[in-house]
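Source file: input.csv. Holds: CSV, C-alpha atoms.
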chain,number,residue,atom,x,y,z
E,455,MET,CA,-54.9,181.1,-29.0
E,456,LYS,CA,-55.3,184.9,-29.3
E,457,LYS,CA,-52.7,186.9,-31.1
E,458,CYS,CA,-52.4,190.6,-32.2
E,459,ILE,CA,-50.9,191.1,-35.7
E,460,ALA,CA,-49.7,194.4,-37.0
E,461,VAL,CA,-50.8,194.5,-40.6
E,462,LEU,CA,-48.6,196.7,-42.8
E,463,ALA,CA,-49.9,196.3,-46.4
E,464,GLY,CA,-47.8,199.0,-47.9
E,465,ASP,CA,-47.8,200.2,-51.5
E,466,GLY,CA,-48.5,198.9,-55.0
E,467,ILE,CA,-50.0,195.4,-54.9
E,468,GLY,CA,-49.4,195.2,-51.2
E,469,PRO,CA,-53.0,195.9,-50.2
E,470,GLU,CA,-54.4,193.5,-52.8
E,471,ILE,CA,-52.3,190.5,-51.7
E,472,MET,CA,-52.7,191.4,-48.0
E,473,ARG,CA,-56.5,191.0,-48.3
E,474,GLU,CA,-56.0,187.5,-49.5
E,475,GLY,CA,-53.5,186.7,-46.8
E,476,LEU,CA,-55.9,187.9,-44.2
E,477,LYS,CA,-58.7,185.8,-45.8
E,478,VAL,CA,-56.6,182.7,-45.3
E,479,LEU,CA,-55.7,183.6,-41.7
E,480,ASN,CA,-59.4,184.1,-41.0
E,481,ALA,CA,-60.1,180.6,-42.4
E,482,VAL,CA,-57.4,179.2,-40.1
E,483,SER,CA,-59.0,180.9,-37.1
E,484,ARG,CA,-62.3,179.4,-38.0
E,485,ARG,CA,-61.0,175.9,-38.6
E,486,PHE,CA,-58.7,175.7,-35.6
E,487,GLY,CA,-60.4,178.0,-33.1
E,488,HIS,CA,-57.8,180.8,-32.9
E,489,THR,CA,-58.4,184.5,-32.6
E,490,PHE,CA,-56.3,186.9,-34.6
E,491,GLU,CA,-56.7,190.6,-33.9
E,492,TYR,CA,-55.5,192.8,-36.8
E,493,ARG,CA,-54.2,196.3,-36.3
E,494,GLU,CA,-53.6,198.0,-39.6
E,495,ALA,CA,-51.0,200.8,-40.1
E,496,LEU,CA,-49.4,202.7,-43.0
E,497,VAL,CA,-45.8,202.0,-44.1
E,498,GLY,CA,-43.7,202.9,-47.1
E,499,GLY,CA,-44.7,205.5,-49.7
E,500,CYS,CA,-48.3,205.7,-48.6
E,501,ALA,CA,-47.1,206.5,-45.1
E,502,TYR,CA,-44.8,209.2,-46.4
E,503,ASP,CA,-47.6,210.8,-48.3
E,504,LYS,CA,-49.7,211.1,-45.2
E,505,TYR,CA,-47.1,211.6,-42.4
E,506,GLY,CA,-44.0,212.7,-44.2
E,507,HIS,CA,-42.1,209.6,-43.2
E,508,PRO,CA,-42.2,206.0,-44.5
E,509,LEU,CA,-42.2,204.6,-40.9
E,510,PRO,CA,-44.2,207.1,-38.8
E,511,ASP,CA,-44.5,206.9,-35.0
E,512,GLU,CA,-48.1,205.8,-35.4
E,513,THR,CA,-47.0,202.7,-37.2
E,514,LYS,CA,-44.2,201.9,-34.7
E,515,LYS,CA,-46.7,202.1,-31.9
E,516,VAL,CA,-48.9,199.5,-33.6
E,517,CYS,CA,-45.9,197.2,-34.1
E,518,ASN,CA,-44.8,197.7,-30.5
E,519,ASN,CA,-48.1,196.3,-29.3
E,520,ALA,CA,-48.3,193.4,-31.7
E,521,ASP,CA,-47.1,189.8,-31.5
E,522,ALA,CA,-45.9,189.8,-35.1
E,523,ILE,CA,-45.7,192.0,-38.1
E,524,TYR,CA,-47.5,190.9,-41.3
E,525,PHE,CA,-45.9,192.9,-44.1
E,526,GLY,CA,-46.9,193.5,-47.8
E,527,ALA,CA,-44.7,195.5,-50.1
E,528,VAL,CA,-43.3,199.0,-50.3
E,529,GLY,CA,-42.0,201.4,-52.9
E,530,GLY,CA,-42.6,202.7,-56.4
E,531,PRO,CA,-41.4,205.2,-58.9
E,532,LYS,CA,-43.4,208.0,-57.2
E,533,TRP,CA,-41.0,208.0,-54.2
E,534,ASP,CA,-37.7,207.1,-56.0
E,535,THR,CA,-36.4,210.7,-55.9
E,536,LEU,CA,-36.8,211.2,-52.2
E,537,PRO,CA,-33.7,211.5,-50.0
E,538,ALA,CA,-32.4,208.0,-49.3
E,539,GLU,CA,-33.5,208.0,-45.6
E,540,LEU,CA,-37.1,208.8,-46.7
E,541,THR,CA,-37.4,206.2,-49.5
E,542,PRO,CA,-39.9,203.4,-48.6
E,543,GLU,CA,-37.1,200.7,-48.6
E,544,ARG,CA,-34.4,202.6,-46.7
E,545,GLY,CA,-36.7,204.5,-44.5
E,546,ALA,CA,-39.1,201.7,-43.5
E,547,LEU,CA,-37.7,198.2,-43.9
E,548,LEU,CA,-34.1,198.8,-42.6
E,549,PRO,CA,-35.3,200.7,-39.5
E,550,LEU,CA,-37.9,197.9,-38.7
E,551,ARG,CA,-35.1,195.4,-38.8
E,552,ALA,CA,-33.0,197.5,-36.5
E,553,ILE,CA,-35.7,198.5,-34.1
E,554,TYR,CA,-36.9,195.0,-33.5
E,555,GLY,CA,-33.6,193.2,-33.8
E,556,LEU,CA,-34.7,191.1,-36.8
E,557,PHE,CA,-31.3,189.6,-37.4
E,558,ALA,CA,-32.3,186.3,-38.9
E,559,ASN,CA,-33.9,186.2,-42.4
E,560,LEU,CA,-35.4,182.8,-43.5
E,561,ARG,CA,-35.9,182.5,-47.2
E,562,PRO,CA,-37.2,179.2,-48.4
E,563,ALA,CA,-36.7,178.4,-52.1
E,564,VAL,CA,-39.2,175.7,-52.9
E,565,ILE,CA,-40.6,174.3,-56.1
E,566,PHE,CA,-44.1,173.0,-55.7
E,567,GLY,CA,-44.4,169.8,-57.7
E,568,PRO,CA,-47.2,171.0,-60.0
E,569,LEU,CA,-45.0,174.1,-60.9
E,570,ALA,CA,-41.8,172.2,-61.8
E,571,ASP,CA,-42.2,173.0,-65.5
E,572,ALA,CA,-42.3,176.7,-64.7
E,573,ALA,CA,-38.8,176.6,-63.2
E,574,SER,CA,-35.9,178.2,-65.0
E,575,LEU,CA,-33.7,175.0,-65.0
E,576,LYS,CA,-34.1,171.9,-67.0
E,577,SER,CA,-36.5,169.5,-65.3
E,578,GLU,CA,-33.9,166.7,-64.9
E,579,ARG,CA,-31.9,169.0,-62.6
E,580,LEU,CA,-34.9,169.5,-60.4
E,581,LYS,CA,-36.2,165.9,-60.4
E,582,GLY,CA,-38.0,165.3,-57.1
E,583,GLY,CA,-38.5,169.0,-56.4
E,584,LEU,CA,-36.4,171.6,-54.7
E,585,ASP,CA,-36.4,172.7,-51.1
E,586,ILE,CA,-33.6,175.0,-49.9
E,587,MET,CA,-33.6,177.2,-46.8
E,588,ILE,CA,-31.4,180.3,-47.0
E,589,VAL,CA,-30.6,181.8,-43.6
E,590,ARG,CA,-29.3,185.3,-44.1
E,591,GLU,CA,-27.9,187.6,-41.3
E,592,LEU,CA,-30.0,190.7,-41.6
E,593,THR,CA,-28.8,193.4,-39.3
E,594,GLY,CA,-25.0,193.5,-39.8
E,595,GLY,CA,-22.4,193.6,-42.5
E,596,VAL,CA,-22.0,196.3,-45.1
E,597,TYR,CA,-25.7,197.3,-45.2
E,598,PHE,CA,-25.4,198.5,-41.6
E,599,GLY,CA,-21.8,199.5,-41.5
E,600,LYS,CA,-20.6,203.1,-41.6
E,601,SER,CA,-20.1,204.7,-45.0
E,602,LYS,CA,-18.7,207.9,-46.3
E,603,VAL,CA,-18.2,209.8,-49.6
E,604,LYS,CA,-15.4,212.2,-50.0
E,605,SER,CA,-13.5,214.1,-52.7
E,606,LEU,CA,-9.8,213.3,-53.1
E,607,ILE,CA,-7.9,216.6,-53.3
E,608,LEU,CA,-4.4,216.9,-54.7
E,609,LYS,CA,-1.7,219.1,-53.2
E,610,ASP,CA,-2.3,221.8,-55.8
E,611,GLY,CA,-6.0,222.0,-54.9
E,612,ALA,CA,-7.3,220.1,-57.9
E,613,VAL,CA,-10.0,217.5,-57.3
E,614,GLN,CA,-9.0,214.1,-58.7
E,615,GLY,CA,-12.4,212.6,-58.1
E,616,ASP,CA,-14.9,211.4,-55.5
E,617,TYR,CA,-14.5,208.1,-53.6
E,618,ALA,CA,-16.9,206.1,-51.4
E,619,VAL,CA,-16.2,203.7,-48.6
E,620,ASP,CA,-18.6,201.1,-47.0
E,621,TYR,CA,-17.5,199.1,-44.0
E,622,MET,CA,-18.4,195.4,-43.6
E,623,ILE,CA,-18.4,194.7,-39.9
E,624,TYR,CA,-19.2,191.5,-38.1
E,625,SER,CA,-18.6,190.4,-34.5
E,626,VAL,CA,-18.3,186.9,-33.2
E,627,PRO,CA,-21.6,187.0,-31.2
E,628,GLU,CA,-23.4,188.2,-34.4
E,629,ILE,CA,-22.0,185.3,-36.4
E,630,GLN,CA,-22.7,182.8,-33.6
E,631,ARG,CA,-26.4,183.7,-33.2
E,632,ILE,CA,-27.2,183.4,-36.9
E,633,THR,CA,-25.3,180.2,-37.1
E,634,LYS,CA,-27.4,178.9,-34.2
E,635,VAL,CA,-30.6,179.7,-36.2
E,636,ALA,CA,-29.2,177.9,-39.3
E,637,CYS,CA,-28.2,174.9,-37.2
E,638,GLU,CA,-31.6,174.6,-35.7
E,639,ALA,CA,-33.2,174.7,-39.2
E,640,ALA,CA,-30.7,172.1,-40.4
E,641,MET,CA,-31.5,169.8,-37.5
E,642,LYS,CA,-35.2,169.8,-38.5
E,643,ARG,CA,-34.3,168.9,-42.1
E,644,ASN,CA,-31.4,166.8,-43.4
E,645,LYS,CA,-28.6,168.0,-41.0
E,646,ARG,CA,-26.6,169.6,-43.9
E,647,LEU,CA,-25.4,173.1,-43.7
E,648,THR,CA,-23.4,175.2,-46.2
E,649,SER,CA,-21.8,178.4,-45.0
E,650,VAL,CA,-21.1,180.9,-47.7
E,651,ASP,CA,-18.3,183.5,-47.4
E,652,LYS,CA,-15.4,185.1,-49.2
E,653,ALA,CA,-12.7,184.0,-46.8
E,654,ASN,CA,-10.0,184.0,-49.5
E,655,VAL,CA,-10.3,187.8,-49.8
E,656,LEU,CA,-12.2,189.4,-46.9
E,657,GLU,CA,-11.1,189.6,-43.2
E,658,SER,CA,-14.7,189.7,-42.1
E,659,SER,CA,-15.2,186.4,-44.0
E,660,LYS,CA,-12.2,184.8,-42.4
E,661,LEU,CA,-13.7,185.6,-39.0
E,662,TRP,CA,-17.1,184.3,-40.3
E,663,ARG,CA,-15.7,181.0,-41.4
E,664,LYS,CA,-13.7,180.4,-38.2
E,665,THR,CA,-16.6,181.3,-36.0
E,666,VAL,CA,-19.0,179.0,-37.9
E,667,ILE,CA,-16.6,176.1,-37.7
E,668,ASP,CA,-16.0,176.5,-34.0
E,669,TYR,CA,-19.7,177.0,-33.2
E,670,VAL,CA,-20.9,174.0,-35.2
E,671,GLN,CA,-18.2,171.6,-33.9
E,672,LYS,CA,-18.9,172.6,-30.3
E,673,ASN,CA,-22.7,172.7,-30.4
E,674,TYR,CA,-24.0,170.7,-33.4
E,675,PRO,CA,-21.5,167.9,-34.2
E,676,GLN,CA,-24.3,166.0,-35.9
E,677,ILE,CA,-24.4,168.5,-38.7
E,678,GLN,CA,-22.5,168.0,-41.9
E,679,LEU,CA,-20.9,171.4,-42.5
E,680,ASN,CA,-19.2,172.6,-45.7
E,681,HIS,CA,-18.1,176.0,-47.0
E,682,MET,CA,-18.3,177.8,-50.3
E,683,TYR,CA,-17.0,181.1,-51.6
E,684,VAL,CA,-19.9,183.2,-52.6
E,685,ASP,CA,-19.0,183.3,-56.3
E,686,ASN,CA,-18.9,179.5,-56.4
E,687,ALA,CA,-22.1,179.3,-54.4
E,688,ALA,CA,-23.9,181.4,-57.0
E,689,MET,CA,-22.7,179.2,-59.8
E,690,GLN,CA,-23.7,176.0,-58.0
E,691,LEU,CA,-27.2,177.4,-57.2
E,692,ALA,CA,-27.6,178.2,-60.9
E,693,THR,CA,-26.4,174.8,-62.1
E,694,ASN,CA,-26.9,172.2,-59.4
E,695,PRO,CA,-29.2,173.6,-56.7
E,696,LYS,CA,-30.3,170.2,-55.3
E,697,GLN,CA,-27.0,169.8,-53.5
E,698,PHE,CA,-28.1,172.4,-51.0
E,699,ASP,CA,-30.3,172.0,-47.9
E,700,VAL,CA,-29.6,174.9,-45.5
E,701,ILE,CA,-27.4,177.8,-46.5
E,702,VAL,CA,-26.2,180.4,-44.0
E,703,THR,CA,-24.4,183.6,-45.0
E,704,GLU,CA,-23.9,187.3,-44.2
E,705,ASN,CA,-26.2,190.1,-45.2
E,706,MET,CA,-25.1,191.2,-48.7
E,707,PHE,CA,-24.2,187.7,-49.9
E,708,GLY,CA,-27.6,186.5,-48.6
E,709,ASP,CA,-29.4,189.3,-50.4
E,710,ILE,CA,-27.9,188.2,-53.7
E,711,LEU,CA,-28.1,184.5,-53.3
E,712,SER,CA,-31.7,184.4,-52.1
E,713,ASP,CA,-32.8,186.4,-55.1
E,714,LEU,CA,-30.9,184.0,-57.4
E,715,ALA,CA,-32.5,181.0,-55.6
E,716,SER,CA,-36.0,182.5,-56.0
E,717,ALA,CA,-35.4,183.0,-59.7
E,718,ILE,CA,-34.7,179.3,-60.1
E,719,THR,CA,-38.1,178.4,-58.8
E,720,GLY,CA,-39.9,180.1,-61.7
E,721,SER,CA,-41.9,182.8,-59.9
E,722,ILE,CA,-41.1,185.2,-57.1
E,723,GLY,CA,-44.9,185.3,-56.6
E,724,MET,CA,-44.6,182.0,-54.7
E,725,LEU,CA,-41.9,182.7,-52.2
E,726,PRO,CA,-42.3,184.0,-48.6
E,727,SER,CA,-39.8,185.1,-46.0
E,728,ALA,CA,-39.5,185.5,-42.2
E,729,SER,CA,-37.3,187.9,-40.3
E,730,LEU,CA,-36.9,186.9,-36.7
E,731,SER,CA,-35.5,188.4,-33.5
E,732,GLU,CA,-33.9,186.5,-30.7
E,733,THR,CA,-37.2,186.5,-28.8
E,734,GLY,CA,-39.2,185.0,-31.7
E,735,PHE,CA,-40.8,188.3,-32.6
E,736,GLY,CA,-40.8,188.6,-36.4
E,737,LEU,CA,-41.7,190.3,-39.6
E,738,PHE,CA,-43.2,188.1,-42.4
E,739,GLU,CA,-43.4,189.3,-46.0
E,740,PRO,CA,-43.3,188.0,-49.6
E,741,ILE,CA,-40.0,188.5,-51.3
E,742,HIS,CA,-41.3,190.3,-54.3
E,743,GLY,CA,-41.7,194.1,-54.6
E,744,SER,CA,-44.7,196.3,-54.9
E,745,ALA,CA,-45.1,195.7,-58.7
E,746,PRO,CA,-46.7,199.1,-59.4
E,747,ASP,CA,-47.1,198.2,-63.0
E,748,ILE,CA,-49.9,195.7,-62.2
E,749,ALA,CA,-51.3,197.3,-59.0
E,750,GLY,CA,-55.0,197.5,-59.0
E,751,GLN,CA,-55.4,195.0,-61.9
E,752,GLY,CA,-56.1,191.9,-59.9
E,753,LYS,CA,-53.1,190.1,-61.6
E,754,ALA,CA,-50.9,189.8,-58.6
E,755,ASN,CA,-50.1,186.3,-57.2
E,756,PRO,CA,-51.1,186.3,-53.5
E,757,LEU,CA,-49.5,183.0,-52.6
E,758,ALA,CA,-46.2,184.4,-51.4
E,759,GLN,CA,-48.2,186.6,-49.0
E,760,VAL,CA,-50.3,183.6,-47.9
E,761,LEU,CA,-47.2,181.5,-47.4
E,762,SER,CA,-45.6,184.3,-45.4
E,763,GLY,CA,-48.7,184.1,-43.1
E,764,ALA,CA,-48.0,180.4,-42.8
E,765,MET,CA,-44.4,181.1,-41.7
E,766,MET,CA,-45.8,183.6,-39.2
E,767,LEU,CA,-48.0,180.9,-37.7
E,768,LYS,CA,-45.1,178.5,-37.5
E,769,TYR,CA,-42.2,180.7,-36.3
E,770,ALA,CA,-43.9,183.4,-34.3
E,771,PHE,CA,-46.9,181.5,-32.8
E,772,GLY,CA,-45.7,177.9,-32.8
E,773,LEU,CA,-48.7,176.8,-34.8
E,774,SER,CA,-47.0,174.2,-37.1
E,775,LYS,CA,-50.2,172.2,-37.7
E,776,GLU,CA,-52.0,175.3,-38.9
E,777,SER,CA,-49.0,176.4,-41.1
E,778,ASP,CA,-48.9,172.9,-42.7
E,779,ALA,CA,-52.6,173.1,-43.4
E,780,ILE,CA,-52.1,176.3,-45.4
E,781,GLU,CA,-49.3,174.7,-47.4
E,782,GLN,CA,-51.3,171.6,-48.1
E,783,ALA,CA,-54.3,173.7,-49.3
E,784,ILE,CA,-52.0,175.6,-51.7
E,785,MET,CA,-50.6,172.3,-53.0
E,786,SER,CA,-54.1,171.0,-53.6
E,787,VAL,CA,-55.1,174.1,-55.4
E,788,LEU,CA,-52.0,173.9,-57.7
E,789,GLU,CA,-52.5,170.1,-58.3
E,790,ASP,CA,-56.0,170.9,-59.5
E,791,GLY,CA,-54.6,173.2,-62.1
E,792,TYR,CA,-55.5,176.6,-60.7
E,793,ARG,CA,-53.0,179.4,-61.6
E,794,THR,CA,-52.5,183.1,-61.5
E,795,CYS,CA,-51.0,184.7,-64.6
E,796,ASP,CA,-47.4,184.5,-63.5
E,797,ILE,CA,-47.5,180.7,-63.0
E,798,ALA,CA,-49.8,179.9,-65.9
E,799,CYS,CA,-48.5,178.4,-69.2
E,800,ALA,CA,-49.9,178.1,-72.7
E,801,ALA,CA,-51.6,174.8,-71.8
E,802,THR,CA,-53.5,176.3,-68.8
E,803,PRO,CA,-57.2,176.3,-69.4
E,804,LYS,CA,-58.7,179.8,-69.3
E,805,ASP,CA,-61.2,178.8,-66.6
E,806,LYS,CA,-58.3,177.8,-64.4
E,807,ILE,CA,-56.5,181.2,-64.5
E,808,LEU,CA,-57.5,183.2,-61.5
E,809,LEU,CA,-57.3,186.8,-60.4
E,810,THR,CA,-55.7,187.7,-57.1
E,811,SER,CA,-59.0,187.5,-55.2
E,812,GLY,CA,-59.9,184.2,-56.9
E,813,MET,CA,-56.7,182.5,-55.9
E,814,GLY,CA,-57.3,183.6,-52.3
E,815,ASN,CA,-60.8,182.3,-52.3
E,816,LYS,CA,-59.7,179.0,-53.8
E,817,VAL,CA,-57.1,178.5,-51.0
E,818,VAL,CA,-59.8,179.3,-48.4
E,819,GLU,CA,-62.1,176.8,-50.1
E,820,TYR,CA,-59.5,174.0,-49.9
E,821,LEU,CA,-58.5,174.9,-46.4
E,822,GLU,CA,-62.0,174.8,-44.9

Whole structure given in structure tokens:
Amino acid sequence: MKKCIAVLAGDGIGPEIMREGLKVLNAVSRRFGHTFEYREALVGGCAYDKYGHPLPDETKKVCNNADAIYFGAVGGPKWDTLPAELTPERGALLPLRAIYGLFANLRPAVIFGPLADAASLKSERLKGGLDIMIVRELTGGVYFGKSKVKSLILKDGAVQGDYAVDYMIYSVPEIQRITKVACEAAMKRNKRLTSVDKANVLESSKLWRKTVIDYVQKNYPQIQLNHMYVDNAAMQLATNPKQFDVIVTENMFGDILSDLASAITGSIGMLPSASLSETGFGLFEPIHGSAPDIAGQGKANPLAQVLSGAMMLKYAFGLSKESDAIEQAIMSVLEDGYRTCDIACAATPKDKILLTSGMGNKVVEYLE
């Protein structure tokens, strides 16, 4: 198989972890006989510095001609004072989702067995491991609704104060298509789906719940569907996460809950994500940020980037065997005690603590 991949390493630790992700993809190509063509482009703060925009036309052209986007991380204090539309996050990530219709965000929250002691919950609550898939709607809701800021002026001309309004908007087709993605994921797992909303308060959530119920009953009657209000879901994730299998929810709730789920696993340096369109085109990135405080020091954990590459192979290219091989190599590396600083503990031997490049090399070694 031959595929073209747009490589957008970004800012901070992005280029460091991307190097390791590409190392592993190259090892996959050697082992399984595939050809991956990489086309690199700037995105985020580094793109703004060169082109005056975090998502320049040159980068969009590269993405337009690629089979998938492999993304690192963007942002940093250097660009925090830019106008909102030019910040790396608002000016690059959100437009990429909109341009390519990346409406479905898949965020696995997995605890690898050897790292169970690093999790934030007591071990008895995580006995047997943890494997949750959060399916987040990514291009609708309050993040993409219209907003406005105005001043409230009294009759006498005095200004009482400013107010701001954000609109959370969802349509039935938007809810149906993300529900389909979640159902397909549930069918490949344990056929259990939890839909999260705030239907006791929000009209958009009432529509969400009704649409999910109707869609699942009509198209996936085999699935065990239950519902939770978002506040209860957050509490349940923090106290009893093993009850969940697949969670589907709207954009803002998914943003919050997926970060909470990632914290439970012990290190955001281990967690990948995929953002998919209806055609299967996708953007694959680690969930962590650009970590400018450790950039260039070789301390960053590249495994989330590597696992994002594994998700790209599975979801964009249909290469499940190759994706599984990467995951098994990582499991073997961890079982043999190798760690980066973020997943090391006091008992970890010094010779088992690896730098960013060392961890990438070790995964390649076990993969080949």

List as a PDB file with C-alpha atoms, keeping the file's coordinate frame the protein and nucleic acid residues near segment 803-805 of chain E, meaning an atom at most 10 Å away when only C-alpha atoms are counted, but skip any in the same chain fewer than 6 places from it.
ATOM      1  CA  GLY E 791     -54.600 173.200 -62.100  1.00  0.00           C
ATOM      2  CA  TYR E 792     -55.500 176.600 -60.700  1.00  0.00           C
ATOM      3  CA  ARG E 793     -53.000 179.400 -61.600  1.00  0.00           C
TER       4      ARG E 793
END

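Omitting segment 752-754 of chain E and its sequence neighbours fewer than 5 positions away, and counting all atoms listed in the file, the residues within 7 Å are Ile467, Cys795, Leu809 and Thr810 of chain E.
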
Nearby residues (all atoms listed in the file) at most 8 Å from Gly545 of chain E, same-chain spacing under 4 positions excluded, as a ChimeraX atom specification:
/E:498,507-509,538-541,549

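In this model, the gap between atom CA of Ile722 of chain E and atom CA of Ala563 of chain E comes to 9.5 Å.
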
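Every residue within 9 Å of the file position (-25.5, 178.1, -52.4), judged by all atoms listed in the file, is given as Ile588, Thr648, Ser649, Val650, Met682, Val684, Asn686, Ala687, Ala688, Met689, Gln690, Leu691, Ala692, Pro695, Gln697, Phe698, Asp699, Val700, Ile701, Val702, Leu711, Ser712 and Ala715 of chain E.
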
Could you give me, as JSON lines, every segment 478-596 of chain E residue with an atom at most 10 Å from segment 612-631 of chain E, plus its closest atom pair and distance in Å to one decimal, counting all atoms listed in the file, rows ordered by chain then number?
{"residue": "E:Phe557", "atom": "CA", "partner": "E:Glu628", "partner_atom": "CA", "distance": 8.6}
{"residue": "E:Ala558", "atom": "CA", "partner": "E:Arg631", "partner_atom": "CA", "distance": 8.6}
{"residue": "E:Glu591", "atom": "CA", "partner": "E:Ile629", "partner_atom": "CA", "distance": 8.0}
{"residue": "E:Thr593", "atom": "CA", "partner": "E:Glu628", "partner_atom": "CA", "distance": 9.0}
{"residue": "E:Gly594", "atom": "CA", "partner": "E:Tyr624", "partner_atom": "CA", "distance": 6.4}
{"residue": "E:Gly595", "atom": "CA", "partner": "E:Met622", "partner_atom": "CA", "distance": 4.5}
{"residue": "E:Val596", "atom": "CA", "partner": "E:Met622", "partner_atom": "CA", "distance": 4.0}

Name all residues at most 7 Å from Phe525 of chain E (count all atoms listed in the file; drop same-chain ones fewer than 6 positions away) and give them as a PDB file with C-alpha atoms, in the frame of the given file.
ATOM      1  CA  VAL E 461     -50.800 194.500 -40.600  1.00  0.00           C
ATOM      2  CA  LEU E 462     -48.600 196.700 -42.800  1.00  0.00           C
ATOM      3  CA  ALA E 463     -49.900 196.300 -46.400  1.00  0.00           C
ATOM      4  CA  LEU E 737     -41.700 190.300 -39.600  1.00  0.00           C
ATOM      5  CA  PHE E 738     -43.200 188.100 -42.400  1.00  0.00           C
ATOM      6  CA  GLU E 739     -43.400 189.300 -46.000  1.00  0.00           C
TER       7      GLU E 739
END

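Distances from E:Ala728, E:Cys500, E:Val818, E:Leu548 to Lys768 of chain E were compared using only C-alpha atoms, and the smallest one belongs to E:Ala728.
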
What is the distance between atom CA of Ser716 of chain E and atom CA of Leu730 of chain E, in Å to one decimal?
19.8 Å

Looking at all atoms listed in the file, which of E:Ile677, E:Ile718, E:Ala570, E:Met455 is the one that sits closest to Met641 of chain E?
E:Ile677

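Closest approach to Tyr669 of chain E among E:Gly468, E:Ala546, E:Cys637, E:Tyr502: E:Cys637, based on all atoms listed in the file.
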
Using the atoms already present, construct N, CA and C atoms for segment 545-559 of chain E and hand them back as a PDB file, in the coordinates of the input.
ATOM      1  N   GLY E 545     -36.137 203.840 -45.619  1.00  0.00           N
ATOM      2  CA  GLY E 545     -36.700 204.500 -44.500  1.00  0.00           C
ATOM      3  C   GLY E 545     -37.704 203.720 -43.667  1.00  0.00           C
ATOM      4  N   ALA E 546     -38.095 202.538 -44.183  1.00  0.00           N
ATOM      5  CA  ALA E 546     -39.100 201.700 -43.500  1.00  0.00           C
ATOM      6  C   ALA E 546     -38.509 200.334 -43.132  1.00  0.00           C
ATOM      7  N   LEU E 547     -38.089 199.597 -44.151  1.00  0.00           N
ATOM      8  CA  LEU E 547     -37.700 198.200 -43.900  1.00  0.00           C
ATOM      9  C   LEU E 547     -36.411 198.117 -43.054  1.00  0.00           C
ATOM     10  N   LEU E 548     -35.373 198.879 -43.400  1.00  0.00           N
ATOM     11  CA  LEU E 548     -34.100 198.800 -42.600  1.00  0.00           C
ATOM     12  C   LEU E 548     -34.350 199.214 -41.165  1.00  0.00           C
ATOM     13  N   PRO E 549     -35.070 200.313 -40.908  1.00  0.00           N
ATOM     14  CA  PRO E 549     -35.300 200.700 -39.500  1.00  0.00           C
ATOM     15  C   PRO E 549     -36.148 199.613 -38.754  1.00  0.00           C
ATOM     16  N   LEU E 550     -37.114 198.982 -39.417  1.00  0.00           N
ATOM     17  CA  LEU E 550     -37.900 197.900 -38.700  1.00  0.00           C
ATOM     18  C   LEU E 550     -36.975 196.794 -38.306  1.00  0.00           C
ATOM     19  N   ARG E 551     -36.039 196.425 -39.173  1.00  0.00           N
ATOM     20  CA  ARG E 551     -35.100 195.400 -38.800  1.00  0.00           C
ATOM     21  C   ARG E 551     -34.251 195.755 -37.609  1.00  0.00           C
ATOM     22  N   ALA E 552     -33.808 197.018 -37.614  1.00  0.00           N
ATOM     23  CA  ALA E 552     -33.000 197.500 -36.500  1.00  0.00           C
ATOM     24  C   ALA E 552     -33.722 197.638 -35.219  1.00  0.00           C
ATOM     25  N   ILE E 553     -34.904 198.234 -35.277  1.00  0.00           N
ATOM     26  CA  ILE E 553     -35.700 198.500 -34.100  1.00  0.00           C
ATOM     27  C   ILE E 553     -36.041 197.220 -33.336  1.00  0.00           C
ATOM     28  N   TYR E 554     -36.437 196.198 -34.086  1.00  0.00           N
ATOM     29  CA  TYR E 554     -36.900 195.000 -33.500  1.00  0.00           C
ATOM     30  C   TYR E 554     -35.883 193.847 -33.472  1.00  0.00           C
ATOM     31  N   GLY E 555     -34.654 194.182 -33.840  1.00  0.00           N
ATOM     32  CA  GLY E 555     -33.600 193.200 -33.800  1.00  0.00           C
ATOM     33  C   GLY E 555     -33.834 191.988 -34.675  1.00  0.00           C
ATOM     34  N   LEU E 556     -34.339 192.228 -35.867  1.00  0.00           N
ATOM     35  CA  LEU E 556     -34.700 191.100 -36.800  1.00  0.00           C
ATOM     36  C   LEU E 556     -33.454 190.682 -37.538  1.00  0.00           C
ATOM     37  N   PHE E 557     -32.631 189.902 -36.851  1.00  0.00           N
ATOM     38  CA  PHE E 557     -31.300 189.600 -37.400  1.00  0.00           C
ATOM     39  C   PHE E 557     -31.284 188.347 -38.268  1.00  0.00           C
ATOM     40  N   ALA E 558     -32.334 187.526 -38.210  1.00  0.00           N
ATOM     41  CA  ALA E 558     -32.300 186.300 -38.900  1.00  0.00           C
ATOM     42  C   ALA E 558     -33.408 186.244 -40.007  1.00  0.00           C
ATOM     43  N   ASN E 559     -32.983 186.204 -41.251  1.00  0.00           N
ATOM     44  CA  ASN E 559     -33.900 186.200 -42.400  1.00  0.00           C
ATOM     45  C   ASN E 559     -33.969 184.751 -42.936  1.00  0.00           C
TER      46      ASN E 559
END
